[in-house]
file work.txt (compact mmCIF, C-alpha atoms)
# COMPACT_ATOMS: atom_id res chain seq x y z
CA MET M 1 302.20 156.78 -23.03
CA SER M 2 299.56 158.61 -25.10
CA ILE M 3 302.15 159.07 -27.83
CA SER M 4 303.24 155.44 -27.82
CA ASN M 5 299.58 154.41 -27.91
CA LEU M 6 299.14 156.73 -30.89
CA VAL M 7 302.09 155.02 -32.60
CA PHE M 8 300.76 151.51 -31.93
CA ALA M 9 297.26 152.51 -33.03
CA ALA M 10 298.64 154.03 -36.24
CA ILE M 11 300.68 150.88 -36.92
CA THR M 12 297.59 148.70 -36.32
CA MET M 13 295.50 150.89 -38.62
CA ALA M 14 298.18 150.91 -41.33
CA TYR M 15 298.63 147.15 -41.05
CA GLY M 16 294.85 146.64 -41.33
CA ILE M 17 294.65 148.83 -44.43
CA MET M 18 297.64 147.05 -45.95
CA VAL M 19 295.99 143.65 -45.42
CA ILE M 20 292.71 144.91 -46.95
CA VAL M 21 294.45 146.31 -50.04
CA THR M 22 296.69 143.29 -50.69
CA ARG M 23 293.90 140.74 -50.17
CA LEU M 24 291.46 142.68 -52.35
CA GLN M 25 294.13 142.88 -55.04
CA GLU M 26 294.65 139.14 -54.72
CA MET M 27 290.92 138.49 -55.15
CA ALA M 28 290.65 140.91 -58.07
CA GLN M 29 293.52 139.16 -59.84
CA SER M 30 292.09 135.68 -59.30
CA GLY M 31 288.61 136.91 -60.28
CA THR M 32 286.85 134.85 -57.59
CA LEU M 33 285.71 135.42 -54.05
CA LEU M 34 288.12 133.36 -51.93
CA LEU M 35 287.31 132.50 -48.34
CA VAL M 36 290.71 133.02 -46.69
CA PRO M 37 291.43 136.42 -48.30
CA LEU M 38 287.87 137.46 -47.46
CA ILE M 39 288.42 136.58 -43.80
CA MET M 40 291.73 138.48 -43.92
CA VAL M 41 289.92 141.52 -45.34
CA ILE M 42 287.42 141.39 -42.49
CA VAL M 43 290.23 141.04 -39.93
CA GLY M 44 292.12 143.89 -41.62
CA PHE M 45 289.00 146.05 -41.54
CA ALA M 46 288.49 145.30 -37.84
CA ALA M 47 292.16 146.18 -37.14
CA ALA M 48 291.86 149.45 -39.09
CA VAL M 49 288.67 150.45 -37.24
CA LEU M 50 290.21 149.50 -33.89
CA GLY M 51 293.32 151.53 -34.78
CA ILE M 52 291.26 154.61 -35.69
CA LYS M 53 289.15 154.27 -32.54
CA TRP M 54 292.27 153.93 -30.42
CA ILE M 55 293.90 156.95 -32.05
CA LEU M 56 290.82 159.02 -31.17
CA SER M 57 290.82 157.80 -27.55
CA SER M 58 294.54 158.52 -27.16
CA VAL M 59 294.19 161.98 -28.69
CA GLU M 60 291.23 162.73 -26.42
CA ILE M 61 293.18 161.83 -23.28
CA PHE M 62 296.29 163.61 -24.52
CA SER M 63 294.39 166.83 -25.29
CA SER M 64 292.46 166.79 -21.99
CA ILE M 65 295.77 166.49 -20.10
CA GLU M 66 297.28 169.29 -22.19
CA GLU M 67 294.24 171.49 -21.55
CA LEU M 68 294.50 171.02 -17.80
CA LYS M 69 298.26 171.54 -17.86
CA SER M 70 298.01 174.83 -19.74
CA ALA M 71 295.27 176.06 -17.35
CA TYR M 72 297.56 175.13 -14.45
CA ASP M 73 300.57 176.87 -16.03
CA ALA M 74 298.50 180.00 -16.64
CA LYS M 75 297.63 180.22 -12.92
CA LYS M 76 301.05 179.22 -11.61
CA GLY M 77 302.48 181.67 -9.07
CA GLN M 78 299.17 183.37 -8.36
CA MET M 79 297.19 180.38 -7.21
CA THR M 80 294.85 180.64 -4.23
CA PRO M 81 294.22 177.54 -2.06
CA GLU M 82 290.80 177.26 -3.73
CA ASP M 83 292.34 177.32 -7.20
CA SER M 84 294.68 174.55 -6.20
CA THR M 85 291.81 172.47 -4.71
CA GLY M 86 289.88 173.11 -7.93
CA PHE M 87 292.77 171.71 -9.97
CA ILE M 88 292.96 168.68 -7.70
CA ILE M 89 289.24 168.04 -8.28
CA GLN M 90 289.70 168.40 -12.05
CA MET M 91 292.64 165.97 -12.06
CA ILE M 92 290.72 163.47 -9.97
CA ASN M 93 287.70 163.75 -12.28
CA GLN M 94 289.89 163.28 -15.29
CA TYR M 95 291.32 160.12 -13.79
CA ARG M 96 287.85 158.86 -12.80
CA THR M 97 286.54 159.51 -16.33
CA ASN M 98 289.51 157.97 -18.14
CA LYS M 99 290.35 155.19 -15.70
CA ALA M 100 289.23 152.34 -17.96
CA THR M 101 290.92 153.84 -21.02
CA ILE M 102 294.16 154.41 -19.09
CA ARG M 103 294.14 150.76 -17.97
CA THR M 104 293.69 149.63 -21.59
CA MET M 105 296.40 152.06 -22.71
CA ILE M 106 298.81 150.50 -20.22
CA LEU M 107 297.99 147.05 -21.63
CA VAL M 108 298.34 148.23 -25.24
CA CYS M 109 301.64 149.92 -24.37
CA THR M 110 302.95 146.74 -22.70
CA ALA M 111 301.77 144.51 -25.57
CA GLY M 112 303.19 146.90 -28.17
CA GLY M 113 306.47 147.08 -26.24
CA CYS M 114 306.69 143.28 -26.13
CA CYS M 115 306.03 143.09 -29.90
CA PHE M 116 308.79 145.60 -30.59
CA LEU M 117 311.11 143.73 -28.21
CA VAL M 118 310.50 140.47 -30.09
CA LEU M 119 311.04 142.25 -33.44
CA GLY M 120 314.22 143.86 -32.10
CA ILE M 121 315.55 140.53 -30.85
CA MET M 122 314.65 138.88 -34.17
CA SER M 123 316.39 141.67 -36.05
CA SER M 124 319.50 141.24 -33.88
CA ILE M 125 319.46 137.49 -34.43
CA GLU M 126 319.08 138.08 -38.17
CA PHE M 127 322.12 140.37 -38.06
CA VAL M 128 324.25 137.75 -36.28
CA SER M 129 322.99 134.76 -38.27
CA ALA M 130 323.42 136.59 -41.58
CA GLY M 131 327.03 137.21 -40.57
CA LEU M 132 327.61 133.64 -39.43
CA THR M 133 326.15 132.02 -42.54
CA SER M 134 328.25 134.24 -44.78
CA GLY M 135 331.54 133.34 -43.03
CA MET M 136 331.87 135.59 -39.93
CA ASN M 137 333.34 138.60 -41.67
CA THR M 138 330.40 139.98 -43.63
CA PHE M 139 327.84 141.16 -41.11
CA ASN M 140 324.94 143.07 -42.58
CA TYR M 141 325.48 146.30 -40.64
CA LEU M 142 322.33 147.81 -42.12
CA LEU M 143 320.35 145.64 -39.71
CA ILE M 144 321.92 147.33 -36.66
CA PRO M 145 319.99 150.65 -36.84
CA SER M 146 316.66 148.89 -37.30
CA ALA M 147 317.41 146.50 -34.41
CA LEU M 148 318.49 149.37 -32.16
CA LEU M 149 315.41 151.39 -33.11
CA LEU M 150 313.08 148.49 -32.39
CA LEU M 151 314.78 147.75 -29.07
CA GLY M 152 314.68 151.45 -28.19
CA ILE M 153 310.96 151.72 -28.91
CA ALA M 154 310.41 148.53 -26.91
CA MET M 155 312.32 149.92 -23.91
CA VAL M 156 310.47 153.25 -24.00
CA SER M 157 307.08 151.53 -24.27
CA LEU M 158 307.79 149.09 -21.47
CA LEU M 159 309.14 151.85 -19.23
CA CYS M 160 306.09 154.02 -20.01
CA SER M 161 303.70 151.24 -19.11
CA TYR M 162 305.67 150.52 -15.92
CA TYR M 163 305.52 154.16 -14.78
CA PHE M 164 301.89 154.51 -15.77
CA ARG M 165 301.02 151.41 -13.81
CA ARG M 166 302.61 153.12 -10.79
CA TYR M 167 300.79 156.35 -11.65
CA ALA M 168 297.45 154.50 -11.85
CA SER M 169 298.03 152.75 -8.54
CA ILE M 170 298.76 156.08 -6.83
CA TRP M 171 295.57 157.57 -8.25
CA ASP M 172 293.61 154.51 -7.12
CA LEU M 173 294.99 155.06 -3.64
CA ARG M 174 293.89 158.70 -3.82
CA LEU M 175 290.41 157.65 -4.91
CA SER M 176 290.12 155.29 -1.97
CA GLU M 177 291.31 158.08 0.34
CA ILE M 178 288.59 160.32 -1.12
CA SER M 179 285.97 157.81 0.01
CA ARG M 180 287.34 158.15 3.54
CA SER M 181 287.36 161.95 3.22
CA GLU M 182 283.71 161.79 2.16
CA ASN M 183 282.87 160.06 5.42
CA VAL M 184 284.56 162.89 7.33
CA LEU M 185 282.68 165.50 5.27
CA GLU M 186 279.39 163.68 5.75
CA LYS M 187 279.88 163.50 9.52
CA THR M 188 280.82 167.17 9.64
CA MET M 189 277.70 168.10 7.70
CA GLU M 190 275.57 166.00 10.02
CA GLN M 191 277.12 167.54 13.14
CA ASN M 192 276.77 171.05 11.80
CA SER M 193 273.12 170.66 10.92
CA PRO M 194 271.04 173.49 12.43
CA MET I 1 284.07 169.86 -15.63
CA SER I 2 283.17 166.22 -16.20
CA GLU I 3 280.15 164.41 -14.79
CA ARG I 4 282.14 162.14 -12.52
CA ARG I 5 282.21 164.50 -9.56
CA THR I 6 281.13 163.37 -6.14
CA ARG I 7 278.35 165.32 -4.45
CA TYR I 8 280.84 166.73 -1.94
CA GLU I 9 282.93 168.09 -4.79
CA ILE I 10 279.80 169.68 -6.25
CA TYR I 11 278.92 171.19 -2.85
CA TRP I 12 282.44 172.63 -2.68
CA GLU I 13 282.15 174.14 -6.17
CA ILE I 14 278.77 175.70 -5.38
CA LEU I 15 279.95 177.12 -2.05
CA VAL I 16 283.15 178.58 -3.50
CA PHE I 17 281.19 180.15 -6.36
CA CYS I 18 278.62 181.56 -3.94
CA LYS I 19 281.19 183.47 -1.87
CA THR I 20 279.53 186.39 -3.54
CA PRO I 21 275.72 186.13 -3.98
CA ARG I 22 274.81 184.29 -7.19
CA SER I 23 271.63 183.57 -9.07
CA PHE I 24 270.28 180.06 -9.60
CA THR I 25 271.04 180.21 -13.32
CA GLY I 26 274.56 181.42 -12.66
CA ILE I 27 275.20 178.56 -10.24
CA ILE I 28 273.90 175.78 -12.49
CA ASN I 29 275.80 177.16 -15.46
CA ARG I 30 279.06 177.54 -13.60
CA CYS I 31 278.82 174.18 -11.81
CA ASP I 32 277.56 172.37 -14.91
CA LEU I 33 274.33 171.06 -13.34
CA ASN I 34 270.85 170.63 -14.72
CA SER I 35 267.96 172.53 -13.14
CA LYS I 36 266.60 169.55 -11.24
CA THR I 37 269.85 168.44 -9.60
CA GLY I 38 270.90 172.06 -9.16
CA GLN I 39 267.71 172.73 -7.24
CA GLU I 40 268.27 169.65 -5.08
CA TYR I 41 271.82 170.67 -4.20
CA LEU I 42 270.81 174.24 -3.38
CA GLU I 43 267.91 173.11 -1.23
CA PHE I 44 270.20 170.74 0.65
CA LEU I 45 272.85 173.40 1.22
CA CYS I 46 270.24 175.94 2.35
CA ARG I 47 268.68 173.38 4.70
CA LYS I 48 272.09 172.64 6.24
CA GLY I 49 272.82 176.33 6.67
CA TYR I 50 275.68 176.53 4.18
CA LEU I 51 273.82 178.81 1.82
CA THR I 52 271.43 181.58 2.52
CA PRO I 53 268.87 182.70 -0.03
CA GLY I 54 268.47 186.40 -0.56
CA LYS I 55 266.87 188.74 -3.03
CA ASP I 56 268.47 191.17 -5.38
CA THR I 57 266.35 193.50 -7.50
CA LYS I 58 264.57 190.80 -9.50
CA ARG I 59 265.57 187.30 -8.53
CA THR I 60 266.62 185.02 -5.72
CA THR I 61 270.32 184.81 -5.05
CA TYR I 62 272.32 182.42 -2.91
CA ALA I 63 275.28 183.36 -0.74
CA ALA I 64 277.65 181.16 1.23
CA THR I 65 277.49 181.45 5.02
CA GLU I 66 280.25 181.27 7.64
CA ARG I 67 279.53 177.58 8.02
CA ALA I 68 280.30 177.22 4.31
CA ALA I 69 283.75 178.69 4.93
CA GLU I 70 284.40 175.89 7.43
CA TYR I 71 283.30 173.28 4.89
CA ILE I 72 285.47 174.82 2.16
CA ALA I 73 288.49 174.87 4.49
CA LEU I 74 287.96 171.26 5.64
CA PHE I 75 287.40 170.05 2.08
CA GLY I 76 290.54 171.85 0.88
CA ARG I 77 292.60 170.36 3.71
CA LEU I 78 291.38 166.83 3.00
CA TYR I 79 292.03 167.08 -0.74
CA GLN I 80 295.43 168.73 -0.33
CA THR I 81 296.39 165.87 1.98
CA LEU I 82 295.85 163.45 -0.91
CA PHE I 83 298.78 165.05 -2.68
CA ASP I 84 300.93 165.89 0.32
CA GLU I 85 300.81 162.54 2.11
CA ILE I 86 300.36 159.93 -0.59
CA PRO I 87 303.72 159.35 -2.26
CA GLY I 88 303.55 160.13 -5.92
CA PHE I 89 305.48 161.61 -8.76
CA LYS I 90 304.84 164.36 -11.22
CA LEU I 91 304.46 163.57 -14.87

call {"tool": "encode", "arguments": {"input": "work.txt", "output": "structure tokens"}}
result
Amino acid sequence: MSISNLVFAAITMAYGIMVIVTRLQEMAQSGTLLLVPLIMVIVGFAAAVLGIKWILSSVEIFSSIEELKSAYDAKKGQMTPEDSTGFIIQMINQYRTNKATIRTMILVCTAGGCCFLVLGIMSSIEFVSAGLTSGMNTFNYLLIPSALLLLGIAMVSLLCSYYFRRYASIWDLRLSEISRSENVLEKTMEQNSP
Amino acid sequence: MSERRTRYEIYWEILVFCKTPRSFTGIINRCDLNSKTGQEYLEFLCRKGYLTPGKDTKRTTYAATERAAEYIALFGRLYQTLFDEIPGFKL
């Protein structure tokens, strides 16, 4: 999901920069400051900034997961119960810290997947309609790879967001269980008071 | 470790680290605490009998007691249960 978020963020950023460049060119050629291109430049700038910000967030989550995973792999096979509890605490903290970002990532992944699905469907329709309008026999087969690629990306993104939604709900359940565990720990500490 | 730990998780970290006697500075560095909160946690754990202050050559050290071992075991059991009993999947 981090990777697909990186892809969507990069596309958003690239699209924003493209809009800025083309609209600025347009204004430079006309020699006047036009309202609509100016608004488009502002929107493009906002999209580019959002894209960069989202790339950084995705990279941060991705690298923190990688860091934890390599620490876990390094200890694998020689882990004491305390090491394993320590890893559980670290994973829980990571989820607590990134919970809001993960939720947004799921939404971005779903939205991006839907966009790619629409593009894939449109590309498929274009392939069929181009064939039909030119007399059934001359389909533009060059459209097939792009349609398949778009549909593939859409499927992967939607599957990722589905599994991550499940993943998030399991972690939420664990967090609520932790609250119950805290009650047990609190009672134990009270009972054991000297 | 991040700042989103619960106090029970911090107690656990302190107690596990203090299985061998540790200095105040060592504890706050290892458990990523500031002096003020570190002092509060240590005072609480000493008051509850989970830590016992001692002296090495120059400074005060803190060591986990037998009661701390019970807390560590209970905490470990509760947290392991989160992964053993709640259905999940590995990424």

call {"tool": "residues_around", "arguments": {"input": "work.txt", "residues": "Arg7 in chain I", "least_positions_apart": "3", "cutoff": "12 Å", "atoms": "only C-alpha atoms", "output": "list in words"}}
result
Ile89, Ile178, Ser179, Glu182, Leu185 and Glu186 of chain M; Glu3, Arg4, Ile10, Tyr11, Trp12, Glu13, Ile14, Cys31, Leu33, Thr37, Gly38, Glu40, Tyr41, Leu42, Phe44 and Leu45 of chain I

call {"tool": "closest_residue", "arguments": {"input": "work.txt", "among": "I:Thr20, I:Arg47, I:Thr61, I:Lys36", "to": "chain M", "atoms": "only C-alpha atoms"}}
result
I:Arg47

call {"tool": "closest_residue", "arguments": {"input": "work.txt", "among": "I:Val16, I:Glu43, I:Gly49, I:Phe75", "to": "Arg30 in chain I", "atoms": "only C-alpha atoms"}}
result
I:Val16

call {"tool": "interface_residues", "arguments": {"input": "work.txt", "of": "chain I", "to": "chain M", "cutoff": "12 Å", "atoms": "all atoms listed in the file", "output": "ChimeraX atom specification"}}
result
/I:1-17,19,31,44-50,66-91

call {"tool": "closest_residue", "arguments": {"input": "work.txt", "among": "M:Val36, M:Ala46, M:Asn5, M:Ile65", "to": "Ile17 in chain M", "atoms": "all atoms listed in the file"}}
result
M:Ala46

call {"tool": "residues_around", "arguments": {"input": "work.txt", "residues": "Cys114 in chain M", "least_positions_apart": "5", "cutoff": "10 Å", "atoms": "all atoms listed in the file", "output": "PyMOL selection string"}}
result
chain M and resi 108-109+119-120+151+153-155+157-158

call {"tool": "atom_distance", "arguments": {"input": "work.txt", "atom1": "CA of Ala100 in chain M", "atom2": "CA of Leu150 in chain M"}}
result
28.1 Å

call {"tool": "atom_distance", "arguments": {"input": "work.txt", "atom1": "CA of Ile20 in chain M", "atom2": "CA of Val41 in chain M"}}
result
4.7 Å

call {"tool": "atom_distance", "arguments": {"input": "work.txt", "atom1": "CA of Ser57 in chain M", "atom2": "CA of Leu6 in chain M"}}
result
9.0 Å
